[in-house]
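A.B. asks: Got a structure for you, final38.txt, holding compact mmCIF, N, CA and C atoms.
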```txt
# COMPACT_ATOMS: atom_id res chain seq x y z
N MET A 1 120.83 71.69 -2.06
CA MET A 1 120.17 70.51 -2.43
C MET A 1 119.05 70.22 -1.44
N ASN A 2 118.04 69.81 -2.03
CA ASN A 2 116.87 69.52 -1.23
C ASN A 2 116.70 68.01 -1.16
N PHE A 3 117.01 67.43 0.02
CA PHE A 3 116.91 65.98 0.18
C PHE A 3 115.55 65.50 0.65
N ARG A 4 114.72 66.36 0.86
CA ARG A 4 113.38 65.97 1.26
C ARG A 4 112.62 65.41 0.07
N ARG A 5 111.88 64.43 0.40
CA ARG A 5 111.07 63.86 -0.66
C ARG A 5 109.86 64.70 -0.88
N ARG A 6 109.48 64.70 -2.07
CA ARG A 6 108.27 65.44 -2.38
C ARG A 6 107.08 64.58 -2.03
N ARG A 7 106.17 65.17 -1.47
CA ARG A 7 104.92 64.46 -1.22
C ARG A 7 104.16 64.44 -2.52
N SER A 8 103.78 63.22 -2.89
CA SER A 8 103.02 63.16 -4.13
C SER A 8 101.60 63.57 -3.85
N ALA A 9 101.00 64.11 -4.82
CA ALA A 9 99.64 64.58 -4.67
C ALA A 9 98.66 63.41 -4.70
N GLU A 10 99.11 62.27 -5.21
CA GLU A 10 98.22 61.13 -5.30
C GLU A 10 98.31 60.29 -4.04
N GLU A 11 97.16 59.88 -3.59
CA GLU A 11 97.09 58.99 -2.45
C GLU A 11 97.22 57.56 -2.97
N PRO A 12 97.86 56.66 -2.23
CA PRO A 12 97.93 55.26 -2.69
C PRO A 12 96.54 54.63 -2.63
N GLU A 13 96.24 53.81 -3.60
CA GLU A 13 94.92 53.18 -3.64
C GLU A 13 95.05 51.72 -4.09
N ILE A 14 94.08 50.95 -3.72
CA ILE A 14 94.04 49.55 -4.11
C ILE A 14 93.18 49.46 -5.36
N ASN A 15 93.73 48.76 -6.34
CA ASN A 15 93.00 48.62 -7.59
C ASN A 15 91.94 47.53 -7.41
N LEU A 16 90.70 47.91 -7.24
CA LEU A 16 89.62 46.97 -6.97
C LEU A 16 89.26 46.12 -8.18
N VAL A 17 89.40 46.63 -9.36
CA VAL A 17 89.05 45.87 -10.56
C VAL A 17 89.93 44.64 -10.69
N ALA A 18 91.22 44.77 -10.49
CA ALA A 18 92.14 43.63 -10.57
C ALA A 18 91.85 42.63 -9.45
N MET A 19 91.53 43.13 -8.25
CA MET A 19 91.24 42.24 -7.13
C MET A 19 89.95 41.44 -7.39
N ILE A 20 88.94 42.06 -7.94
CA ILE A 20 87.70 41.38 -8.26
C ILE A 20 87.93 40.33 -9.34
N ASP A 21 88.74 40.62 -10.34
CA ASP A 21 89.07 39.65 -11.38
C ASP A 21 89.76 38.42 -10.79
N VAL A 22 90.70 38.62 -9.90
CA VAL A 22 91.42 37.52 -9.28
C VAL A 22 90.46 36.68 -8.42
N LEU A 23 89.59 37.32 -7.66
CA LEU A 23 88.64 36.59 -6.83
C LEU A 23 87.66 35.78 -7.67
N LEU A 24 87.21 36.32 -8.79
CA LEU A 24 86.32 35.58 -9.67
C LEU A 24 87.01 34.36 -10.27
N VAL A 25 88.27 34.49 -10.65
CA VAL A 25 89.02 33.35 -11.18
C VAL A 25 89.16 32.27 -10.11
N ILE A 26 89.46 32.66 -8.88
CA ILE A 26 89.58 31.70 -7.78
C ILE A 26 88.23 31.02 -7.52
N LEU A 27 87.16 31.79 -7.53
CA LEU A 27 85.83 31.25 -7.30
C LEU A 27 85.45 30.24 -8.40
N ILE A 28 85.72 30.57 -9.64
CA ILE A 28 85.42 29.65 -10.75
C ILE A 28 86.26 28.39 -10.62
N PHE A 29 87.53 28.52 -10.25
CA PHE A 29 88.38 27.35 -10.07
C PHE A 29 87.84 26.45 -8.97
N LEU A 30 87.43 27.02 -7.86
CA LEU A 30 86.88 26.22 -6.77
C LEU A 30 85.58 25.53 -7.15
N MET A 31 84.74 26.22 -7.91
CA MET A 31 83.47 25.63 -8.32
C MET A 31 83.69 24.46 -9.28
N VAL A 32 84.66 24.57 -10.15
CA VAL A 32 84.92 23.51 -11.12
C VAL A 32 85.63 22.33 -10.47
N SER A 33 86.53 22.58 -9.55
CA SER A 33 87.33 21.50 -8.98
C SER A 33 86.69 20.82 -7.77
N THR A 34 85.64 21.38 -7.22
CA THR A 34 84.99 20.79 -6.05
C THR A 34 84.10 19.64 -6.47
N THR A 35 84.20 18.56 -5.71
CA THR A 35 83.28 17.45 -5.94
C THR A 35 82.15 17.59 -4.94
N TYR A 36 80.96 17.45 -5.43
CA TYR A 36 79.79 17.60 -4.57
C TYR A 36 79.35 16.22 -4.10
N SER A 37 79.10 16.11 -2.83
CA SER A 37 78.64 14.84 -2.27
C SER A 37 77.21 14.60 -2.68
N GLN A 38 76.97 13.40 -3.14
CA GLN A 38 75.61 13.02 -3.49
C GLN A 38 75.21 11.87 -2.60
N TYR A 39 74.10 12.02 -1.96
CA TYR A 39 73.58 10.95 -1.13
C TYR A 39 72.77 10.03 -2.02
N SER A 40 73.22 8.79 -2.09
CA SER A 40 72.50 7.86 -2.94
C SER A 40 71.38 7.22 -2.13
N SER A 41 70.21 7.28 -2.66
CA SER A 41 69.07 6.65 -2.01
C SER A 41 68.09 6.23 -3.08
N LEU A 42 67.29 5.31 -2.74
CA LEU A 42 66.29 4.81 -3.67
C LEU A 42 64.92 5.05 -3.09
N GLU A 43 64.05 5.52 -3.93
CA GLU A 43 62.66 5.61 -3.54
C GLU A 43 61.97 4.43 -4.18
N ILE A 44 61.41 3.60 -3.34
CA ILE A 44 60.76 2.40 -3.84
C ILE A 44 59.27 2.53 -3.61
N ASN A 45 58.53 2.42 -4.67
CA ASN A 45 57.08 2.40 -4.57
C ASN A 45 56.64 0.96 -4.72
N LEU A 46 55.86 0.51 -3.78
CA LEU A 46 55.38 -0.87 -3.85
C LEU A 46 54.45 -1.03 -5.03
N PRO A 47 54.42 -2.20 -5.61
CA PRO A 47 53.56 -2.40 -6.78
C PRO A 47 52.09 -2.27 -6.42
N THR A 48 51.36 -1.70 -7.33
CA THR A 48 49.91 -1.59 -7.15
C THR A 48 49.25 -2.22 -8.37
N SER A 49 48.01 -2.54 -8.22
CA SER A 49 47.30 -3.19 -9.30
C SER A 49 45.89 -2.64 -9.37
N ASP A 50 45.37 -2.50 -10.59
CA ASP A 50 44.02 -2.01 -10.78
C ASP A 50 43.00 -3.15 -10.87
N VAL A 51 43.49 -4.36 -10.95
CA VAL A 51 42.56 -5.49 -11.05
C VAL A 51 42.02 -5.85 -9.68
N THR A 52 40.84 -6.39 -9.70
CA THR A 52 40.24 -6.80 -8.43
C THR A 52 40.96 -8.04 -7.92
N PRO A 53 41.14 -8.14 -6.62
CA PRO A 53 41.88 -9.29 -6.09
C PRO A 53 41.11 -10.58 -6.30
N GLU A 54 41.85 -11.61 -6.69
CA GLU A 54 41.24 -12.92 -6.91
C GLU A 54 41.01 -13.60 -5.57
N GLN A 55 40.03 -14.46 -5.54
CA GLN A 55 39.79 -15.25 -4.34
C GLN A 55 40.90 -16.29 -4.22
N GLU A 56 41.17 -16.68 -3.01
CA GLU A 56 42.22 -17.65 -2.78
C GLU A 56 41.85 -18.99 -3.42
N GLN A 57 42.78 -19.53 -4.18
CA GLN A 57 42.54 -20.80 -4.85
C GLN A 57 42.83 -21.94 -3.87
N PRO A 58 42.20 -23.09 -4.09
CA PRO A 58 42.39 -24.20 -3.15
C PRO A 58 43.84 -24.67 -3.05
N GLY A 59 44.58 -24.68 -4.15
CA GLY A 59 45.95 -25.17 -4.13
C GLY A 59 46.97 -24.10 -3.84
N GLN A 60 46.55 -22.95 -3.46
CA GLN A 60 47.45 -21.81 -3.27
C GLN A 60 48.11 -21.87 -1.90
N ILE A 61 49.40 -21.61 -1.85
CA ILE A 61 50.14 -21.54 -0.59
C ILE A 61 50.42 -20.08 -0.31
N SER A 62 49.93 -19.57 0.79
CA SER A 62 50.11 -18.17 1.15
C SER A 62 51.27 -18.04 2.13
N VAL A 63 52.26 -17.24 1.76
CA VAL A 63 53.41 -16.99 2.62
C VAL A 63 53.39 -15.51 2.99
N VAL A 64 53.29 -15.23 4.28
CA VAL A 64 53.26 -13.85 4.77
C VAL A 64 54.58 -13.58 5.48
N ILE A 65 55.22 -12.48 5.12
CA ILE A 65 56.46 -12.06 5.77
C ILE A 65 56.19 -10.71 6.42
N THR A 66 56.29 -10.66 7.74
CA THR A 66 55.98 -9.43 8.47
C THR A 66 57.17 -8.47 8.43
N ALA A 67 56.94 -7.25 8.92
CA ALA A 67 58.00 -6.24 8.93
C ALA A 67 59.17 -6.66 9.81
N SER A 68 58.90 -7.42 10.85
CA SER A 68 59.97 -7.88 11.74
C SER A 68 60.69 -9.11 11.19
N GLY A 69 60.21 -9.67 10.08
CA GLY A 69 60.88 -10.81 9.46
C GLY A 69 60.26 -12.15 9.80
N ASP A 70 59.17 -12.16 10.55
CA ASP A 70 58.50 -13.42 10.87
C ASP A 70 57.81 -13.96 9.61
N VAL A 71 57.85 -15.29 9.47
CA VAL A 71 57.28 -15.93 8.29
C VAL A 71 56.10 -16.80 8.73
N LEU A 72 54.97 -16.63 8.05
CA LEU A 72 53.79 -17.46 8.29
C LEU A 72 53.42 -18.13 6.98
N ILE A 73 53.32 -19.45 7.00
CA ILE A 73 52.93 -20.20 5.81
C ILE A 73 51.53 -20.72 6.05
N ASN A 74 50.59 -20.29 5.23
CA ASN A 74 49.17 -20.60 5.40
C ASN A 74 48.72 -20.32 6.84
N LYS A 75 49.07 -19.14 7.32
CA LYS A 75 48.70 -18.62 8.65
C LYS A 75 49.31 -19.40 9.81
N THR A 76 50.30 -20.25 9.53
CA THR A 76 51.00 -20.99 10.57
C THR A 76 52.41 -20.44 10.68
N PRO A 77 52.79 -19.94 11.87
CA PRO A 77 54.15 -19.38 12.01
C PRO A 77 55.22 -20.45 11.86
N VAL A 78 56.33 -20.05 11.24
CA VAL A 78 57.47 -20.95 11.08
C VAL A 78 58.45 -20.60 12.20
N ARG A 79 58.87 -21.62 12.94
CA ARG A 79 59.66 -21.37 14.15
C ARG A 79 61.07 -20.87 13.86
N ASN A 80 61.62 -21.25 12.73
CA ASN A 80 62.98 -20.87 12.39
C ASN A 80 62.98 -20.26 11.00
N HIS A 81 63.85 -19.33 10.76
CA HIS A 81 63.86 -18.65 9.46
C HIS A 81 64.91 -19.23 8.52
N ASP A 82 65.47 -20.37 8.87
CA ASP A 82 66.46 -21.02 8.03
C ASP A 82 65.79 -21.53 6.75
N VAL A 83 66.51 -21.51 5.65
CA VAL A 83 65.96 -21.92 4.36
C VAL A 83 65.50 -23.38 4.40
N SER A 84 66.26 -24.24 5.08
CA SER A 84 65.89 -25.66 5.12
C SER A 84 64.58 -25.87 5.90
N VAL A 85 64.36 -25.10 6.96
CA VAL A 85 63.12 -25.21 7.73
C VAL A 85 61.95 -24.70 6.90
N LEU A 86 62.17 -23.58 6.17
CA LEU A 86 61.12 -23.07 5.28
C LEU A 86 60.79 -24.10 4.20
N ALA A 87 61.82 -24.76 3.66
CA ALA A 87 61.61 -25.76 2.62
C ALA A 87 60.81 -26.95 3.16
N GLU A 88 61.10 -27.36 4.40
CA GLU A 88 60.33 -28.46 5.00
C GLU A 88 58.86 -28.08 5.16
N SER A 89 58.61 -26.87 5.60
CA SER A 89 57.22 -26.41 5.78
C SER A 89 56.49 -26.35 4.45
N LEU A 90 57.16 -25.90 3.40
CA LEU A 90 56.54 -25.84 2.08
C LEU A 90 56.34 -27.24 1.50
N ALA A 91 57.28 -28.15 1.78
CA ALA A 91 57.18 -29.51 1.25
C ALA A 91 55.96 -30.23 1.83
N ARG A 92 55.62 -29.95 3.09
CA ARG A 92 54.45 -30.58 3.71
C ARG A 92 53.16 -30.15 3.02
N LEU A 93 53.15 -28.97 2.43
CA LEU A 93 51.95 -28.46 1.78
C LEU A 93 51.89 -28.82 0.29
N ARG A 94 52.95 -29.39 -0.21
CA ARG A 94 52.98 -29.77 -1.62
C ARG A 94 52.06 -30.98 -1.82
N PRO A 95 51.19 -30.93 -2.83
CA PRO A 95 50.27 -32.05 -3.04
C PRO A 95 50.99 -33.30 -3.56
N ALA A 96 50.31 -34.43 -3.45
CA ALA A 96 50.87 -35.70 -3.93
C ALA A 96 51.01 -35.65 -5.44
N ASN A 97 51.73 -36.60 -5.98
CA ASN A 97 51.96 -36.66 -7.44
C ASN A 97 50.63 -36.69 -8.19
N GLY A 98 50.62 -36.06 -9.32
CA GLY A 98 49.43 -36.04 -10.16
C GLY A 98 48.57 -34.80 -9.93
N ALA A 99 48.65 -34.20 -8.78
CA ALA A 99 47.86 -33.00 -8.52
C ALA A 99 48.56 -31.79 -9.13
N GLN A 100 47.79 -30.77 -9.38
CA GLN A 100 48.34 -29.56 -9.97
C GLN A 100 49.25 -28.86 -8.96
N GLU A 101 50.37 -28.35 -9.46
CA GLU A 101 51.33 -27.67 -8.59
C GLU A 101 50.72 -26.37 -8.06
N PRO A 102 50.79 -26.15 -6.76
CA PRO A 102 50.20 -24.93 -6.20
C PRO A 102 51.03 -23.70 -6.51
N ILE A 103 50.38 -22.56 -6.40
CA ILE A 103 51.06 -21.27 -6.59
C ILE A 103 51.45 -20.75 -5.21
N VAL A 104 52.70 -20.36 -5.06
CA VAL A 104 53.17 -19.76 -3.81
C VAL A 104 52.99 -18.25 -3.93
N VAL A 105 52.12 -17.69 -3.09
CA VAL A 105 51.86 -16.25 -3.12
C VAL A 105 52.58 -15.62 -1.93
N ILE A 106 53.53 -14.74 -2.23
CA ILE A 106 54.32 -14.09 -1.19
C ILE A 106 53.71 -12.72 -0.88
N ASN A 107 53.32 -12.53 0.37
CA ASN A 107 52.81 -11.25 0.86
C ASN A 107 53.87 -10.67 1.79
N ALA A 108 54.73 -9.82 1.28
CA ALA A 108 55.82 -9.27 2.08
C ALA A 108 55.49 -7.84 2.47
N ASP A 109 55.73 -7.52 3.73
CA ASP A 109 55.54 -6.16 4.22
C ASP A 109 56.56 -5.25 3.55
N ALA A 110 56.23 -3.98 3.45
CA ALA A 110 57.13 -3.02 2.78
C ALA A 110 58.45 -2.87 3.53
N LYS A 111 58.45 -3.08 4.82
CA LYS A 111 59.65 -2.85 5.62
C LYS A 111 60.41 -4.13 5.96
N THR A 112 60.02 -5.24 5.35
CA THR A 112 60.72 -6.49 5.63
C THR A 112 62.07 -6.50 4.93
N ALA A 113 62.97 -7.29 5.48
CA ALA A 113 64.30 -7.41 4.86
C ALA A 113 64.17 -8.19 3.56
N HIS A 114 64.87 -7.73 2.55
CA HIS A 114 64.82 -8.37 1.24
C HIS A 114 65.31 -9.81 1.32
N GLN A 115 66.22 -10.08 2.24
CA GLN A 115 66.77 -11.42 2.37
C GLN A 115 65.69 -12.44 2.73
N ARG A 116 64.70 -12.05 3.51
CA ARG A 116 63.63 -12.97 3.89
C ARG A 116 62.85 -13.43 2.65
N VAL A 117 62.58 -12.51 1.75
CA VAL A 117 61.85 -12.85 0.52
C VAL A 117 62.69 -13.80 -0.33
N VAL A 118 63.97 -13.53 -0.41
CA VAL A 118 64.86 -14.41 -1.18
C VAL A 118 64.93 -15.79 -0.54
N ASP A 119 64.94 -15.86 0.80
CA ASP A 119 64.96 -17.15 1.48
C ASP A 119 63.71 -17.97 1.16
N VAL A 120 62.56 -17.32 1.15
CA VAL A 120 61.31 -18.04 0.83
C VAL A 120 61.34 -18.53 -0.61
N MET A 121 61.83 -17.70 -1.52
CA MET A 121 61.91 -18.11 -2.92
C MET A 121 62.88 -19.28 -3.09
N GLN A 122 63.99 -19.24 -2.37
CA GLN A 122 64.96 -20.33 -2.46
C GLN A 122 64.38 -21.62 -1.87
N ALA A 123 63.64 -21.52 -0.78
CA ALA A 123 63.02 -22.70 -0.17
C ALA A 123 61.99 -23.30 -1.13
N ALA A 124 61.21 -22.45 -1.81
CA ALA A 124 60.23 -22.95 -2.77
C ALA A 124 60.92 -23.66 -3.93
N GLN A 125 62.05 -23.13 -4.35
CA GLN A 125 62.80 -23.76 -5.44
C GLN A 125 63.34 -25.13 -5.00
N GLN A 126 63.78 -25.23 -3.75
CA GLN A 126 64.35 -26.49 -3.26
C GLN A 126 63.31 -27.61 -3.25
N VAL A 127 62.05 -27.28 -2.99
CA VAL A 127 61.03 -28.33 -2.95
C VAL A 127 60.30 -28.47 -4.29
N GLY A 128 60.73 -27.73 -5.29
CA GLY A 128 60.17 -27.88 -6.63
C GLY A 128 58.92 -27.08 -6.90
N LEU A 129 58.69 -26.03 -6.12
CA LEU A 129 57.54 -25.15 -6.38
C LEU A 129 58.03 -23.98 -7.24
N SER A 130 57.69 -24.03 -8.50
CA SER A 130 58.23 -23.03 -9.42
C SER A 130 57.26 -21.89 -9.71
N HIS A 131 55.99 -22.04 -9.33
CA HIS A 131 55.01 -20.99 -9.58
C HIS A 131 54.94 -20.08 -8.36
N ILE A 132 55.57 -18.91 -8.48
CA ILE A 132 55.63 -17.95 -7.37
C ILE A 132 55.00 -16.65 -7.83
N SER A 133 54.19 -16.08 -6.98
CA SER A 133 53.52 -14.81 -7.29
C SER A 133 53.69 -13.88 -6.09
N PHE A 134 53.67 -12.60 -6.36
CA PHE A 134 53.76 -11.60 -5.30
C PHE A 134 52.43 -10.88 -5.19
N ALA A 135 51.97 -10.69 -4.00
CA ALA A 135 50.72 -9.97 -3.77
C ALA A 135 50.98 -8.48 -3.91
N THR A 136 50.01 -7.78 -4.49
CA THR A 136 50.09 -6.33 -4.62
C THR A 136 48.93 -5.72 -3.87
N GLN A 137 49.06 -4.45 -3.59
CA GLN A 137 47.95 -3.77 -2.95
C GLN A 137 47.17 -3.00 -4.02
N GLU A 138 45.92 -2.81 -3.78
CA GLU A 138 45.06 -2.14 -4.73
C GLU A 138 45.46 -0.67 -4.82
N SER A 139 45.57 -0.14 -6.04
CA SER A 139 45.95 1.26 -6.18
C SER A 139 44.82 2.16 -5.72
N GLN A 140 45.22 3.25 -5.09
CA GLN A 140 44.23 4.20 -4.58
C GLN A 140 44.33 5.47 -5.39
N HIS A 141 43.35 5.70 -6.24
CA HIS A 141 43.39 6.86 -7.13
C HIS A 141 42.94 8.08 -6.41
```
Translate this structure into structure tokens?
C.D. replies:
Amino acid sequence: MNFRRRRSAEEPEINLVAMIDVLLVILIFLMVSTTYSQYSSLEINLPTSDVTPEQEQPGQISVVITASGDVLINKTPVRNHDVSVLAESLARLRPANGAQEPIVVINADAKTAHQRVVDVMQAAQQVGLSHISFATQESQH
């Protein structure tokens, strides 16, 4: 009796086709099940206008809000940014009864906090100034 094992003529090999199939299935599963992070951001373009700028009207109240949040009403700085202080400053510029209600023109810098613009609008509403306009920059073609 011969107890020796026969050496097979075939060498052991790895079946690459089956391994590639399994890797593709794993890859497809990972691609489908992965959630991709999306960075949410807004691109805001400031409004532009093709019309020529109008000259300042006599009853117009100009409110400038700088990038740092400083508020100037008719070129006079407001010492406090509280809504009640803004309302007092706007009330002083409101004409006496019978005169036409002035237009409040808000010139806000692109980098100013949105809250400052809302504060000015709220102050104008408190003193009864309902005509509010926003200044635009001239479009550059």
A.B. asks: Please report the interatomic distance between atom CA of Asp82 of chain A and atom CA of Gly69 of chain A in Å with one decimal.
C.D. replies: 11.7 Å
A.B. asks: One decimal, Å: what's the distance from atom CA of Val83 of chain A over to atom C of Val71 of chain A, could you say?
C.D. replies: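 Spanning atom CA of Val83 of chain A to atom C of Val71 of chain A is a straight-line distance of 11.9 Å.
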A.B. asks: Rounded to one decimal place, report the atom N of Pro95 of chain A-atom CA of Arg116 of chain A distance in Å.
C.D. replies: 22.9 Å
A.B. asks: Pick from A:Ala18, A:Leu90, A:Val104, A:Ile26: nearest to Gln60 of chain A, with all atoms listed in the file counted?
C.D. replies: A:Val104
A.B. asks: Find the residues around His131 of chain A up to 7 Å (only N, CA and C atoms counted), leave out those fewer than 2 positions away in its own chain, and share them as a ChimeraX atom specification.
C.D. replies: /A:101-105,128-129,133
A.B. asks: May I have the selected residues written with N, CA and C atoms, as a short mmCIF file (atom, residue, chain, number, x, y, z; two decimals), in the coordinates of the input?
C.D. replies:
```
data_model
loop_
_atom_site.label_atom_id
_atom_site.label_comp_id
_atom_site.auth_asym_id
_atom_site.auth_seq_id
_atom_site.Cartn_x
_atom_site.Cartn_y
_atom_site.Cartn_z
N GLU A 101 50.37 -28.35 -9.46
CA GLU A 101 51.33 -27.67 -8.59
C GLU A 101 50.72 -26.37 -8.06
N PRO A 102 50.79 -26.15 -6.76
CA PRO A 102 50.20 -24.93 -6.20
C PRO A 102 51.03 -23.70 -6.51
N ILE A 103 50.38 -22.56 -6.40
CA ILE A 103 51.06 -21.27 -6.59
C ILE A 103 51.45 -20.75 -5.21
N VAL A 104 52.70 -20.36 -5.06
CA VAL A 104 53.17 -19.76 -3.81
C VAL A 104 52.99 -18.25 -3.93
N VAL A 105 52.12 -17.69 -3.09
CA VAL A 105 51.86 -16.25 -3.12
C VAL A 105 52.58 -15.62 -1.93
N GLY A 128 60.73 -27.73 -5.29
CA GLY A 128 60.17 -27.88 -6.63
C GLY A 128 58.92 -27.08 -6.90
N LEU A 129 58.69 -26.03 -6.12
CA LEU A 129 57.54 -25.15 -6.38
C LEU A 129 58.03 -23.98 -7.24
N SER A 133 54.19 -16.08 -6.98
CA SER A 133 53.52 -14.81 -7.29
C SER A 133 53.69 -13.88 -6.09
#
```
A.B. asks: Can you list, as a PyMOL selection string, every protein, DNA or RNA residue that comes within 12 Å of Thr112 of chain A when you count only C-alpha atoms, leaving out same-chain residues fewer than 6 positions away?
C.D. replies: chain A and resi 64-71+118
A.B. asks: With distances taken over all atoms listed in the file, which residue among A:Ser62, A:Arg94, A:Ile106, A:Glu88 lies nearest Thr76 of chain A?
C.D. replies: A:Ser62
A.B. asks: Which residue, A:Val127, A:Ile28, A:Val78, A:Met121, has the smallest gap to Ala91 of chain A when you use only C-alpha atoms?
C.D. replies: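 That would be A:Val127, the residue with the smallest distance to Ala91 of chain A.
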A.B. asks: Go ahead and fit an axis-aligned box to every listed atom of segment 61-64 of chain A plus 5 Å each side, and pass me the centre and edge lengths in Å, one decimal, as lines of an AutoDock Vina configuration file.
C.D. replies:
```
center_x = 52.0
center_y = -17.6
center_z = 1.8
size_x = 15.2
size_y = 18.0
size_z = 17.3
```
A.B. asks: Out of A:Ala87, A:Ala113, A:Asn15, A:Leu93, which residue has the shortest atom-to-atom distance to Gln126 of chain A when counting only N, CA and C atoms?
C.D. replies: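 The closest residue to Gln126 of chain A is A:Ala87.
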